[in-house]
>>> print(open('start02.cif').read())   # mmCIF, C-alpha atoms and all ligand atoms
data_run
loop_
_atom_site.label_atom_id
_atom_site.label_comp_id
_atom_site.auth_asym_id
_atom_site.auth_seq_id
_atom_site.Cartn_x
_atom_site.Cartn_y
_atom_site.Cartn_z
CA MET A 26 -59.04 -121.61 -40.87
CA LEU A 27 -57.41 -118.66 -42.62
CA ARG A 28 -54.36 -117.14 -40.95
CA VAL A 29 -53.78 -113.44 -41.44
CA ALA A 30 -50.60 -111.68 -40.28
CA SER A 31 -51.41 -108.06 -39.48
CA LEU A 32 -48.65 -105.44 -39.73
CA PRO A 33 -50.28 -102.17 -38.63
CA GLY A 34 -47.08 -100.13 -38.90
CA ASP A 35 -47.01 -96.36 -38.29
CA GLY A 36 -49.19 -93.25 -38.19
CA ILE A 37 -52.81 -94.07 -39.05
CA GLY A 38 -51.80 -97.66 -39.96
CA PRO A 39 -52.91 -99.15 -36.59
CA GLU A 40 -56.28 -97.31 -36.65
CA VAL A 41 -57.22 -98.45 -40.14
CA CYS A 42 -55.97 -102.00 -39.50
CA ASP A 43 -58.09 -102.24 -36.35
CA ALA A 44 -61.10 -101.11 -38.38
CA ALA A 45 -60.37 -103.65 -41.12
CA VAL A 46 -59.93 -106.49 -38.61
CA ARG A 47 -63.21 -105.51 -36.96
CA VAL A 48 -65.01 -105.78 -40.31
CA LEU A 49 -63.30 -109.11 -41.04
CA GLY A 50 -64.56 -110.35 -37.67
CA ALA A 51 -68.14 -109.46 -38.61
CA LEU A 52 -68.09 -111.94 -41.52
CA PRO A 53 -68.97 -115.62 -41.39
CA VAL A 54 -65.38 -116.55 -42.28
CA ASP A 55 -63.13 -118.75 -40.13
CA VAL A 56 -60.06 -116.59 -39.63
CA THR A 57 -57.39 -115.74 -37.03
CA VAL A 58 -55.45 -112.49 -37.08
CA GLU A 59 -52.06 -112.11 -35.40
CA GLU A 60 -50.33 -108.76 -35.08
CA HIS A 61 -46.59 -108.23 -35.66
CA SER A 62 -44.11 -105.43 -35.21
CA PHE A 63 -43.22 -103.55 -38.39
CA GLY A 64 -42.02 -100.17 -39.65
CA GLY A 65 -41.03 -97.30 -37.37
CA ARG A 66 -42.30 -99.07 -34.28
CA ALA A 67 -40.07 -102.06 -35.07
CA ILE A 68 -37.07 -99.78 -35.60
CA HIS A 69 -37.63 -98.39 -32.09
CA GLU A 70 -38.06 -101.86 -30.59
CA ASP A 71 -35.54 -103.92 -32.62
CA GLY A 72 -33.54 -101.52 -34.76
CA ASP A 73 -35.04 -103.25 -37.82
CA PRO A 74 -38.24 -102.24 -39.69
CA LEU A 75 -38.78 -105.90 -40.68
CA PRO A 76 -37.72 -108.08 -37.73
CA ALA A 77 -36.95 -111.74 -38.53
CA GLU A 78 -39.91 -112.86 -36.41
CA THR A 79 -42.28 -110.68 -38.43
CA LEU A 80 -40.98 -111.95 -41.76
CA ALA A 81 -41.26 -115.57 -40.60
CA ALA A 82 -44.85 -114.96 -39.45
CA CYS A 83 -45.71 -113.42 -42.83
CA ARG A 84 -44.28 -116.39 -44.70
CA ALA A 85 -46.31 -118.77 -42.53
CA ALA A 86 -49.58 -116.86 -42.98
CA ASP A 87 -52.19 -117.17 -45.74
CA ALA A 88 -52.18 -113.41 -46.23
CA VAL A 89 -50.58 -110.25 -44.85
CA LEU A 90 -52.70 -107.22 -43.91
CA LEU A 91 -50.61 -104.07 -43.81
CA GLY A 92 -51.47 -100.60 -42.53
CA ALA A 93 -48.85 -98.05 -43.57
CA VAL A 94 -45.21 -97.25 -42.86
CA GLY A 95 -43.10 -94.11 -42.64
CA LEU A 96 -42.79 -91.20 -40.21
CA PRO A 97 -41.19 -87.76 -40.55
CA GLU A 98 -38.86 -88.52 -37.63
CA PHE A 99 -37.02 -91.01 -39.88
CA ASP A 100 -36.48 -88.56 -42.77
CA GLY A 101 -32.83 -88.86 -43.75
CA ALA A 102 -32.14 -91.57 -41.13
CA PRO A 103 -29.93 -94.51 -42.17
CA VAL A 104 -32.63 -97.06 -41.25
CA ARG A 105 -36.13 -96.09 -42.43
CA PRO A 106 -39.55 -97.75 -42.07
CA GLU A 107 -40.08 -97.86 -45.86
CA GLN A 108 -37.07 -100.15 -46.22
CA GLY A 109 -39.02 -102.79 -44.28
CA LEU A 110 -41.93 -102.60 -46.71
CA ILE A 111 -39.74 -102.79 -49.79
CA ARG A 112 -37.79 -105.72 -48.32
CA LEU A 113 -41.01 -107.54 -47.41
CA ARG A 114 -42.28 -107.15 -50.99
CA GLY A 115 -39.00 -108.55 -52.31
CA GLU A 116 -38.84 -111.41 -49.78
CA LEU A 117 -42.39 -112.54 -50.61
CA ASP A 118 -41.71 -111.85 -54.32
CA VAL A 119 -45.09 -110.16 -54.73
CA TYR A 120 -44.31 -108.80 -58.18
CA ALA A 121 -47.84 -107.78 -59.19
CA ASN A 122 -49.43 -104.91 -57.30
CA LEU A 123 -53.12 -104.56 -58.14
CA ARG A 124 -54.65 -101.16 -57.47
CA PRO A 125 -58.28 -100.84 -58.58
CA ALA A 126 -59.96 -97.46 -58.90
CA LYS A 127 -63.71 -97.20 -59.27
CA ARG A 128 -66.33 -94.52 -59.38
CA ASP A 129 -69.34 -93.69 -61.57
CA GLY A 130 -68.35 -94.62 -65.10
CA VAL A 131 -64.75 -95.43 -64.13
CA ASP A 132 -63.54 -98.96 -63.41
CA LEU A 133 -59.82 -99.33 -63.92
CA LEU A 134 -57.12 -101.55 -62.52
CA ILE A 135 -53.49 -100.55 -62.24
CA VAL A 136 -51.08 -103.50 -62.37
CA ARG A 137 -47.83 -102.14 -61.00
CA GLU A 138 -44.58 -104.13 -61.15
CA LEU A 139 -43.51 -104.19 -57.50
CA VAL A 140 -40.16 -105.88 -56.99
CA GLY A 141 -37.91 -104.37 -59.67
CA GLY A 142 -36.85 -101.08 -61.22
CA LEU A 143 -35.59 -98.09 -59.28
CA TYR A 144 -36.82 -99.41 -55.93
CA PHE A 145 -34.52 -102.43 -56.17
CA GLY A 146 -31.60 -101.14 -58.26
CA ALA A 147 -28.14 -100.17 -57.07
CA SER A 148 -28.10 -96.79 -55.37
CA GLY A 149 -25.75 -94.72 -53.31
CA ARG A 150 -23.64 -91.64 -52.83
CA ARG A 151 -20.29 -90.89 -54.42
CA ALA A 152 -17.26 -89.14 -53.00
CA ASP A 153 -17.97 -86.11 -55.24
CA GLY A 154 -21.28 -85.55 -53.42
CA SER A 155 -23.51 -86.92 -56.18
CA ALA A 156 -26.17 -89.59 -55.69
CA PHE A 157 -27.52 -92.31 -57.98
CA ASP A 158 -30.43 -94.75 -58.29
CA THR A 159 -30.45 -97.27 -61.12
CA CYS A 160 -33.39 -98.70 -63.02
CA GLU A 161 -32.99 -102.21 -64.40
CA TYR A 162 -35.48 -104.73 -65.75
CA SER A 163 -34.95 -108.22 -67.14
CA PRO A 164 -37.27 -109.67 -69.81
CA HIS A 165 -38.45 -112.25 -67.24
CA GLU A 166 -39.44 -109.57 -64.71
CA ILE A 167 -41.45 -107.75 -67.35
CA GLU A 168 -43.02 -110.88 -68.80
CA ARG A 169 -44.45 -112.26 -65.55
CA VAL A 170 -46.21 -109.04 -64.54
CA ALA A 171 -47.40 -108.43 -68.10
CA ARG A 172 -48.92 -111.91 -68.28
CA ARG A 173 -50.72 -111.18 -65.02
CA ALA A 174 -52.14 -107.98 -66.54
CA PHE A 175 -53.29 -109.73 -69.73
CA GLU A 176 -54.93 -112.50 -67.70
CA LEU A 177 -56.70 -110.04 -65.42
CA ALA A 178 -57.90 -108.09 -68.47
CA ARG A 179 -59.60 -111.26 -69.74
CA GLY A 180 -61.92 -111.18 -66.72
CA ARG A 181 -62.66 -107.49 -67.33
CA ASN A 182 -62.96 -105.41 -70.51
CA ALA A 183 -60.04 -107.11 -72.31
CA PHE A 184 -58.03 -103.92 -72.79
CA VAL A 185 -54.46 -103.35 -71.54
CA THR A 186 -52.72 -99.98 -71.65
CA SER A 187 -49.00 -100.52 -71.09
CA VAL A 188 -47.41 -97.35 -69.74
CA ASP A 189 -43.72 -96.52 -70.23
CA LYS A 190 -41.30 -93.77 -71.25
CA ALA A 191 -39.98 -95.52 -74.36
CA ASN A 192 -39.09 -92.22 -76.04
CA VAL A 193 -36.36 -91.70 -73.43
CA LEU A 194 -35.56 -94.78 -71.33
CA GLU A 195 -33.88 -98.02 -72.45
CA THR A 196 -35.73 -100.05 -69.77
CA SER A 197 -38.97 -98.68 -71.22
CA ARG A 198 -37.99 -99.75 -74.75
CA LEU A 199 -37.34 -103.27 -73.41
CA TRP A 200 -40.66 -103.10 -71.53
CA ARG A 201 -42.52 -102.23 -74.74
CA GLU A 202 -40.73 -104.96 -76.72
CA VAL A 203 -41.50 -107.68 -74.18
CA VAL A 204 -45.14 -106.63 -73.70
CA SER A 205 -45.72 -106.40 -77.48
CA GLY A 206 -44.12 -109.83 -77.90
CA LEU A 207 -46.67 -111.38 -75.53
CA ALA A 208 -49.69 -109.85 -77.26
CA GLY A 209 -49.91 -112.81 -79.66
CA ASP A 210 -50.66 -115.10 -76.72
CA TYR A 211 -53.67 -112.95 -75.83
CA PRO A 212 -55.38 -112.22 -79.17
CA ASP A 213 -58.64 -111.56 -77.33
CA VAL A 214 -57.08 -108.65 -75.39
CA ARG A 215 -56.53 -105.25 -77.02
CA LEU A 216 -53.10 -103.76 -76.23
CA GLU A 217 -52.16 -100.11 -76.40
CA HIS A 218 -48.92 -98.35 -75.36
CA MET A 219 -48.95 -94.93 -73.71
CA LEU A 220 -46.17 -92.65 -72.49
CA VAL A 221 -46.28 -92.05 -68.76
CA ASP A 222 -46.66 -88.27 -68.88
CA ASN A 223 -49.66 -88.63 -71.16
CA ALA A 224 -51.05 -91.40 -68.94
CA GLY A 225 -51.00 -88.99 -65.98
CA LEU A 226 -52.88 -86.41 -68.02
CA GLN A 227 -55.42 -88.95 -69.31
CA LEU A 228 -56.05 -90.25 -65.79
CA VAL A 229 -57.06 -86.74 -64.78
CA LEU A 230 -59.00 -85.81 -67.93
CA ASP A 231 -60.69 -89.07 -68.87
CA PRO A 232 -60.06 -92.03 -66.56
CA ALA A 233 -63.05 -93.90 -68.04
CA GLN A 234 -61.00 -94.73 -71.16
CA PHE A 235 -58.89 -97.26 -69.22
CA ASP A 236 -59.44 -100.87 -68.25
CA VAL A 237 -56.10 -102.36 -67.13
CA ILE A 238 -53.01 -100.14 -66.85
CA LEU A 239 -49.75 -102.11 -66.79
CA THR A 240 -46.62 -100.29 -65.70
CA GLU A 241 -43.28 -100.47 -63.92
CA ASN A 242 -42.67 -99.85 -60.24
CA THR A 243 -42.05 -96.09 -59.99
CA PHE A 244 -44.55 -95.05 -62.67
CA GLY A 245 -47.13 -97.28 -60.96
CA ASP A 246 -46.49 -95.65 -57.59
CA ILE A 247 -47.20 -92.22 -59.03
CA LEU A 248 -50.07 -93.15 -61.36
CA SER A 249 -51.92 -95.05 -58.63
CA ASP A 250 -52.08 -91.90 -56.49
CA VAL A 251 -53.28 -89.94 -59.52
CA ALA A 252 -55.93 -92.57 -60.26
CA ALA A 253 -57.03 -92.59 -56.61
CA GLY A 254 -57.28 -88.80 -56.69
CA SER A 255 -59.56 -88.80 -59.71
CA CYS A 256 -61.65 -91.76 -58.45
CA GLY A 257 -63.02 -91.03 -55.00
CA GLY A 258 -59.85 -90.12 -53.12
CA LEU A 259 -56.86 -91.82 -51.58
CA GLY A 260 -58.84 -92.78 -48.47
CA VAL A 261 -60.84 -95.43 -50.32
CA ALA A 262 -58.05 -96.90 -52.49
CA ALA A 263 -57.13 -100.55 -51.79
CA SER A 264 -54.37 -102.77 -53.09
CA ALA A 265 -53.25 -106.38 -53.34
CA SER A 266 -49.65 -107.43 -53.96
CA LEU A 267 -49.39 -110.94 -55.36
CA GLY A 268 -46.70 -113.39 -56.42
CA ASP A 269 -47.00 -116.84 -57.95
CA ARG A 270 -47.24 -118.62 -54.62
CA GLY A 271 -47.19 -117.78 -50.94
CA PRO A 272 -49.09 -115.05 -49.13
CA GLY A 273 -50.08 -111.80 -50.76
CA ILE A 274 -49.86 -108.39 -49.07
CA PHE A 275 -53.09 -106.41 -48.78
CA GLU A 276 -52.83 -102.73 -47.92
CA PRO A 277 -54.51 -99.38 -48.43
CA VAL A 278 -52.76 -97.17 -51.00
CA HIS A 279 -52.59 -94.22 -48.59
CA GLY A 280 -49.64 -93.49 -46.33
CA THR A 281 -49.29 -92.93 -42.59
CA ALA A 282 -50.83 -89.39 -42.53
CA PRO A 283 -48.94 -88.40 -39.35
CA ASP A 284 -50.86 -85.08 -39.23
CA ILE A 285 -54.12 -86.88 -38.33
CA ALA A 286 -52.74 -90.02 -36.63
CA GLY A 287 -54.40 -91.02 -33.35
CA GLN A 288 -57.36 -88.65 -33.83
CA GLY A 289 -59.91 -91.07 -35.25
CA LYS A 290 -60.07 -89.07 -38.49
CA ALA A 291 -58.55 -91.64 -40.83
CA ASN A 292 -60.77 -93.14 -43.48
CA PRO A 293 -60.75 -96.92 -42.95
CA ALA A 294 -62.33 -97.67 -46.36
CA GLY A 295 -59.01 -98.32 -48.14
CA ALA A 296 -57.99 -100.88 -45.51
CA ILE A 297 -61.46 -102.45 -45.40
CA LEU A 298 -61.59 -102.76 -49.20
CA SER A 299 -58.12 -104.36 -49.01
CA ILE A 300 -59.77 -107.06 -46.88
CA ALA A 301 -62.19 -107.64 -49.77
CA LEU A 302 -59.22 -108.16 -52.11
CA LEU A 303 -57.70 -110.53 -49.53
CA LEU A 304 -60.90 -112.59 -49.31
CA ASP A 305 -61.14 -112.76 -53.11
CA GLU A 306 -57.61 -114.11 -53.26
CA LEU A 307 -58.33 -116.69 -50.53
CA GLY A 308 -61.39 -118.04 -52.32
CA GLN A 309 -64.13 -116.16 -50.43
CA PRO A 310 -65.75 -114.10 -53.21
CA ALA A 311 -69.16 -113.87 -51.52
CA ALA A 312 -67.64 -112.27 -48.43
CA ALA A 313 -65.56 -109.96 -50.65
CA ARG A 314 -68.64 -108.75 -52.56
CA ALA A 315 -70.49 -108.26 -49.27
CA ILE A 316 -67.71 -105.96 -48.01
CA GLU A 317 -67.67 -103.97 -51.24
CA GLY A 318 -71.44 -103.58 -51.10
CA ALA A 319 -71.36 -102.51 -47.46
CA VAL A 320 -68.58 -99.97 -48.03
CA THR A 321 -70.33 -98.46 -51.05
CA GLY A 322 -73.61 -98.26 -49.16
CA VAL A 323 -72.09 -96.57 -46.13
CA LEU A 324 -69.98 -94.13 -48.15
CA ASP A 325 -73.02 -93.22 -50.29
CA ASP A 326 -75.61 -92.75 -47.54
CA GLY A 327 -73.99 -93.20 -44.16
CA ALA A 328 -71.01 -92.28 -42.03
CA ARG A 329 -68.13 -90.48 -43.73
CA THR A 330 -64.75 -89.35 -42.40
CA PRO A 331 -63.57 -85.72 -42.87
CA ASP A 332 -61.60 -86.49 -46.08
CA LEU A 333 -64.97 -87.22 -47.71
CA GLY A 334 -66.69 -84.21 -46.18
CA GLY A 335 -68.21 -86.02 -43.18
CA THR A 336 -67.75 -85.83 -39.43
CA ALA A 337 -67.71 -89.53 -38.53
CA THR A 338 -64.75 -91.19 -36.83
CA THR A 339 -62.75 -94.14 -38.13
CA ASP A 340 -64.53 -96.41 -35.63
CA GLU A 341 -67.99 -95.14 -36.50
CA VAL A 342 -67.43 -95.87 -40.19
CA ALA A 343 -66.09 -99.35 -39.39
CA GLU A 344 -69.03 -99.99 -37.07
CA GLU A 345 -71.60 -99.00 -39.71
CA ILE A 346 -69.90 -101.15 -42.32
CA SER A 347 -69.85 -104.12 -39.90
CA GLU A 348 -73.53 -103.65 -39.07
CA SER A 349 -74.53 -103.47 -42.68
CA LEU A 350 -72.56 -106.70 -43.29
CA ALA A 351 -74.41 -108.45 -40.50
CA ILE A 352 -77.62 -107.59 -42.35
CA SER A 353 -76.40 -108.67 -45.79
CA MET A 354 -74.70 -111.89 -44.57
CA PRO A 355 -76.82 -112.91 -41.56
CA THR A 356 -76.04 -116.63 -41.47
CA THR A 357 -72.75 -118.12 -40.36
CA SER A 358 -71.34 -121.01 -42.33
C1 LIG B 1 -46.98 -97.18 -51.97
C2 LIG B 1 -46.09 -96.35 -51.09
C3 LIG B 1 -44.74 -97.04 -50.97
C4 LIG B 1 -44.16 -97.15 -52.37
C5 LIG B 1 -43.76 -96.36 -50.00
C6 LIG B 1 -44.34 -96.21 -48.61
C7 LIG B 1 -42.44 -97.08 -49.95
O1 LIG B 1 -45.99 -95.07 -51.59
O2 LIG B 1 -47.20 -98.36 -51.63
O3 LIG B 1 -47.46 -96.66 -52.97
O4 LIG B 1 -43.56 -96.19 -52.87
O5 LIG B 1 -44.31 -98.21 -52.98
MG MG B 2 -47.29 -94.68 -53.25
#
>>> encode(input="start02.cif", output="structure tokens")
Amino acid sequence: MLRVASLPGDGIGPEVCDAAVRVLGALPVDVTVEEHSFGGRAIHEDGDPLPAETLAACRAADAVLLGAVGLPEFDGAPVRPEQGLIRLRGELDVYANLRPAKRDGVDLLIVRELVGGLYFGASGRRADGSAFDTCEYSPHEIERVARRAFELARGRNAFVTSVDKANVLETSRLWREVVSGLAGDYPDVRLEHMLVDNAGLQLVLDPAQFDVILTENTFGDILSDVAAGSCGGLGVAASASLGDRGPGIFEPVHGTAPDIAGQGKANPAGAILSIALLLDELGQPAAARAIEGAVTGVLDDGARTPDLGGTATTDEVAEEISESLAISMPTTS
């Protein structure tokens, strides 16, 4: 029995999580899903975006399914929903964030460092009115995520593009040194370094040139939206955040989209494809491939939400995907 902790969060998070759980339920996989308070909702209920009970439930689960966090009402507030997400990533030490992007001729995987850099450095305000955020990386933090990227590349096209800003930043020069130093352990994988501004341009002009893109936390945040934009849209982008042990976090790349929340307009594909990543990680590759096939089939010829030019609702898309799964995986095991 697989135990999934579901953290729907804010905005369209609950709608897309419901859709993803519905699809999970249509598979012949023995799984229980338990929902927990998180994000803005948890701030309203407990004053904390990551209540202790939620964190304990995540630690005890096999995997965490996450919707999205963040709402305009918390802009500038001292306690914000995003802090819960960043703390959860740190607590579970999910240092490798995998963000695949696929479309005709393009099949790339961004491996984003997730528990270091600017997101976790010292920050604050000074008496003179200025503000600061600091970016720090240790060789160990770089090495573990880089090894993950090299290993993942071995199961793909054996090509890693490490993205940094080594012409300006000291952390980027260390990044490049550490990654280059590991290359000898992976002689079968081609390694290239690229500056982040150029990587953004290349992702727009010619995303097919990439296989695995390895980068630090902030650059990965930005580049994964760019990659999603040039490969089918943010609505279909999925992600897995993994550590060395313990549960991973599986979440769509998109945010809370407060402008369309509660209207049934959200595209559930990113959340549903995150379930495929979850099943892969928990040793259920057949179910994962079935989900990917069903999502592709429905997005190509069936129901589509408004972001993809259709008129279908979130539930209708989830329903079609579930039905097509029942056809492709008819027997229960
Ligand atoms: C993402 C999101 C988060 C991030 C926010 C919500 C904190 O943009 O997962 O890409 O910046 O990591
Ligand atoms: Mg982001």
>>> residues_around(input="start02.cif", residues="Val104 (chain A)", least_positions_apart="5", cutoff="9 Å", atoms="all atoms listed in the file", output="list of chain:residue names")
A:Ile68, A:Gly72, A:Asp73, A:Pro74, A:Phe99
>>> residues_near_ligand(input="start02.cif", ligand="ligand LIG 1 (chain B)", cutoff="9 Å", atoms="all atoms listed in the file", output="list in words")
Ala93, Val94, Gly95, Pro106, Glu107, Gln108, Gly109, Leu110, Ile111, Asn122, Leu139, Tyr144, Asn242, Thr243, Gly245, Asp246, Ile247, Ser249, Asp250, Ser264, Glu276, Pro277, Val278, His279, Gly280 and Thr281 of chain A
>>> atom_distance(input="start02.cif", atom1="CA of Leu298 (chain A)", atom2="CA of Glu345 (chain A)")
14.3 Å
>>> residues_near_point(input="start02.cif", point="(-49.1, -110.0, -44.5)", cutoff="7 Å", atoms="only C-alpha atoms", output="number ranges by chain")
A: 29-32, 83, 88-91, 272-275
>>> write_last_selection(input="start02.cif", atoms="C-alpha atoms", output="compact mmCIF listing (two decimals), in the frame of the given file")
# COMPACT_ATOMS: atom_id res chain seq x y z
CA VAL A 29 -53.78 -113.44 -41.44
CA ALA A 30 -50.60 -111.68 -40.28
CA SER A 31 -51.41 -108.06 -39.48
CA LEU A 32 -48.65 -105.44 -39.73
CA CYS A 83 -45.71 -113.42 -42.83
CA ALA A 88 -52.18 -113.41 -46.23
CA VAL A 89 -50.58 -110.25 -44.85
CA LEU A 90 -52.70 -107.22 -43.91
CA LEU A 91 -50.61 -104.07 -43.81
CA PRO A 272 -49.09 -115.05 -49.13
CA GLY A 273 -50.08 -111.80 -50.76
CA ILE A 274 -49.86 -108.39 -49.07
CA PHE A 275 -53.09 -106.41 -48.78
>>> closest_residue(input="start02.cif", among="A:Ile316, A:Leu307, A:Val48, A:Ile37", to="Pro283 (chain A)", atoms="all atoms listed in the file")
A:Ile37
>>> closest_residue(input="start02.cif", among="A:Gly36, A:Gly64, A:Gly257, A:Pro97", to="Gly130 (chain A)", atoms="all atoms listed in the file")
A:Gly257
>>> closest_residue(input="start02.cif", among="A:Thr159, A:Ser347, A:Thr338, A:Thr186", to="Val237 (chain A)", atoms="all atoms listed in the file")
A:Thr186
>>> residues_around(input="start02.cif", residues="region 348-355 of chain A", least_positions_apart="4", cutoff="12 Å", atoms="all atoms listed in the file", output="ChimeraX atom specification")
/A:47-54,311-324,326-328,341-344
>>> closest_residue(input="start02.cif", among="A:Asp332, A:Leu248, A:Gln227, A:Ser62", to="ligand MG 2 (chain B)", atoms="all atoms listed in the file")
A:Leu248
>>> closest_residue(input="start02.cif", among="A:Trp200, A:Val251, A:Tyr120, A:Leu226", to="ligand MG 2 (chain B)", atoms="all atoms listed in the file")
A:Val251
>>> residues_near_point(input="start02.cif", point="(-43.0, -109.9, -39.5)", cutoff="8 Å", atoms="all atoms listed in the file", output="PyMOL selection string")
chain A and resi 30+32+61-63+75-83
>>> residues_around(input="start02.cif", residues="Val229 (chain A)", least_positions_apart="6", cutoff="9 Å", atoms="all atoms listed in the file", output="tab-separated table (two decimals) with C-alpha atoms, in the coordinates of the input")
chain	number	residue	atom	x	y	z
A	251	VAL	CA	-53.28	-89.94	-59.52
A	252	ALA	CA	-55.93	-92.57	-60.26
A	254	GLY	CA	-57.28	-88.80	-56.69
A	255	SER	CA	-59.56	-88.80	-59.71
>>> closest_residue(input="start02.cif", among="A:Ala265, A:Ser148, A:Lys190, A:Gly180", to="Asp305 (chain A)", atoms="only C-alpha atoms")
A:Ala265
>>> residues_around(input="start02.cif", residues="Leu333 (chain A)", least_positions_apart="2", cutoff="9 Å", atoms="only C-alpha atoms", output="PDB file with C-alpha atoms, keeping the file's coordinate frame")
ATOM      1  CA  GLY A 257     -63.020 -91.030 -55.000  1.00  0.00           C
ATOM      2  CA  GLY A 258     -59.850 -90.120 -53.120  1.00  0.00           C
ATOM      3  CA  GLY A 260     -58.840 -92.780 -48.470  1.00  0.00           C
ATOM      4  CA  ASN A 292     -60.770 -93.140 -43.480  1.00  0.00           C
ATOM      5  CA  LEU A 324     -69.980 -94.130 -48.150  1.00  0.00           C
ATOM      6  CA  ARG A 329     -68.130 -90.480 -43.730  1.00  0.00           C
ATOM      7  CA  THR A 330     -64.750 -89.350 -42.400  1.00  0.00           C
ATOM      8  CA  PRO A 331     -63.570 -85.720 -42.870  1.00  0.00           C
ATOM      9  CA  GLY A 335     -68.210 -86.020 -43.180  1.00  0.00           C
ATOM     10  CA  THR A 336     -67.750 -85.830 -39.430  1.00  0.00           C
TER      11      THR A 336
END
>>> atom_distance(input="start02.cif", atom1="CA of Leu143 (chain A)", atom2="CA of Val193 (chain A)")
15.5 Å
>>> atom_distance(input="start02.cif", atom1="CA of Arg124 (chain A)", atom2="CA of Asp222 (chain A)")
19.0 Å
>>> decode(input="start02.cif", residues="region 162-174 of chain A", atoms="N, CA, C and O atoms", output="mmCIF file, in the first residue's frame")
data_model
loop_
_atom_site.group_PDB
_atom_site.id
_atom_site.type_symbol
_atom_site.label_atom_id
_atom_site.label_comp_id
_atom_site.auth_asym_id
_atom_site.auth_seq_id
_atom_site.Cartn_x
_atom_site.Cartn_y
_atom_site.Cartn_z
ATOM 1 N N TYR A 162 26.976 28.397 -1.983
ATOM 2 C CA TYR A 162 26.964 26.962 -2.287
ATOM 3 C C TYR A 162 28.228 26.315 -1.760
ATOM 4 O O TYR A 162 29.310 26.876 -1.881
ATOM 5 N N SER A 163 28.084 25.129 -1.179
ATOM 6 C CA SER A 163 29.259 24.355 -0.772
ATOM 7 C C SER A 163 29.552 23.342 -1.876
ATOM 8 O O SER A 163 28.647 22.973 -2.636
ATOM 9 N N PRO A 164 30.806 22.859 -1.963
ATOM 10 C CA PRO A 164 31.118 21.831 -2.966
ATOM 11 C C PRO A 164 30.194 20.619 -2.834
ATOM 12 O O PRO A 164 29.741 20.057 -3.833
ATOM 13 N N HIS A 165 29.891 20.221 -1.597
ATOM 14 C CA HIS A 165 29.019 19.058 -1.387
ATOM 15 C C HIS A 165 27.624 19.265 -1.991
ATOM 16 O O HIS A 165 27.070 18.371 -2.636
ATOM 17 N N GLU A 166 27.064 20.458 -1.778
ATOM 18 C CA GLU A 166 25.721 20.744 -2.319
ATOM 19 C C GLU A 166 25.716 20.680 -3.848
ATOM 20 O O GLU A 166 24.737 20.251 -4.457
ATOM 21 N N ILE A 167 26.798 21.140 -4.447
ATOM 22 C CA ILE A 167 26.876 21.111 -5.907
ATOM 23 C C ILE A 167 27.096 19.675 -6.389
ATOM 24 O O ILE A 167 26.441 19.209 -7.324
ATOM 25 N N GLU A 168 27.990 18.984 -5.699
ATOM 26 C CA GLU A 168 28.343 17.634 -6.152
ATOM 27 C C GLU A 168 27.143 16.685 -6.164
ATOM 28 O O GLU A 168 26.925 15.950 -7.120
ATOM 29 N N ARG A 169 26.315 16.716 -5.111
ATOM 30 C CA ARG A 169 25.241 15.716 -5.049
ATOM 31 C C ARG A 169 24.202 15.931 -6.146
ATOM 32 O O ARG A 169 23.720 14.971 -6.749
ATOM 33 N N VAL A 170 23.881 17.177 -6.450
ATOM 34 C CA VAL A 170 22.880 17.405 -7.503
ATOM 35 C C VAL A 170 23.497 17.165 -8.886
ATOM 36 O O VAL A 170 22.836 16.661 -9.800
ATOM 37 N N ALA A 171 24.799 17.464 -9.015
ATOM 38 C CA ALA A 171 25.461 17.228 -10.302
ATOM 39 C C ALA A 171 25.544 15.729 -10.585
ATOM 40 O O ALA A 171 25.298 15.283 -11.716
ATOM 41 N N ARG A 172 25.853 14.938 -9.555
ATOM 42 C CA ARG A 172 25.898 13.481 -9.759
ATOM 43 C C ARG A 172 24.533 12.958 -10.210
ATOM 44 O O ARG A 172 24.427 12.097 -11.075
ATOM 45 N N ARG A 173 23.488 13.510 -9.605
ATOM 46 C CA ARG A 173 22.133 13.110 -9.981
ATOM 47 C C ARG A 173 21.901 13.414 -11.460
ATOM 48 O O ARG A 173 21.336 12.595 -12.202
ATOM 49 N N ALA A 174 22.351 14.578 -11.917
ATOM 50 C CA ALA A 174 22.163 14.965 -13.323
ATOM 51 C C ALA A 174 22.947 14.038 -14.256
ATOM 52 O O ALA A 174 22.421 13.576 -15.276
#
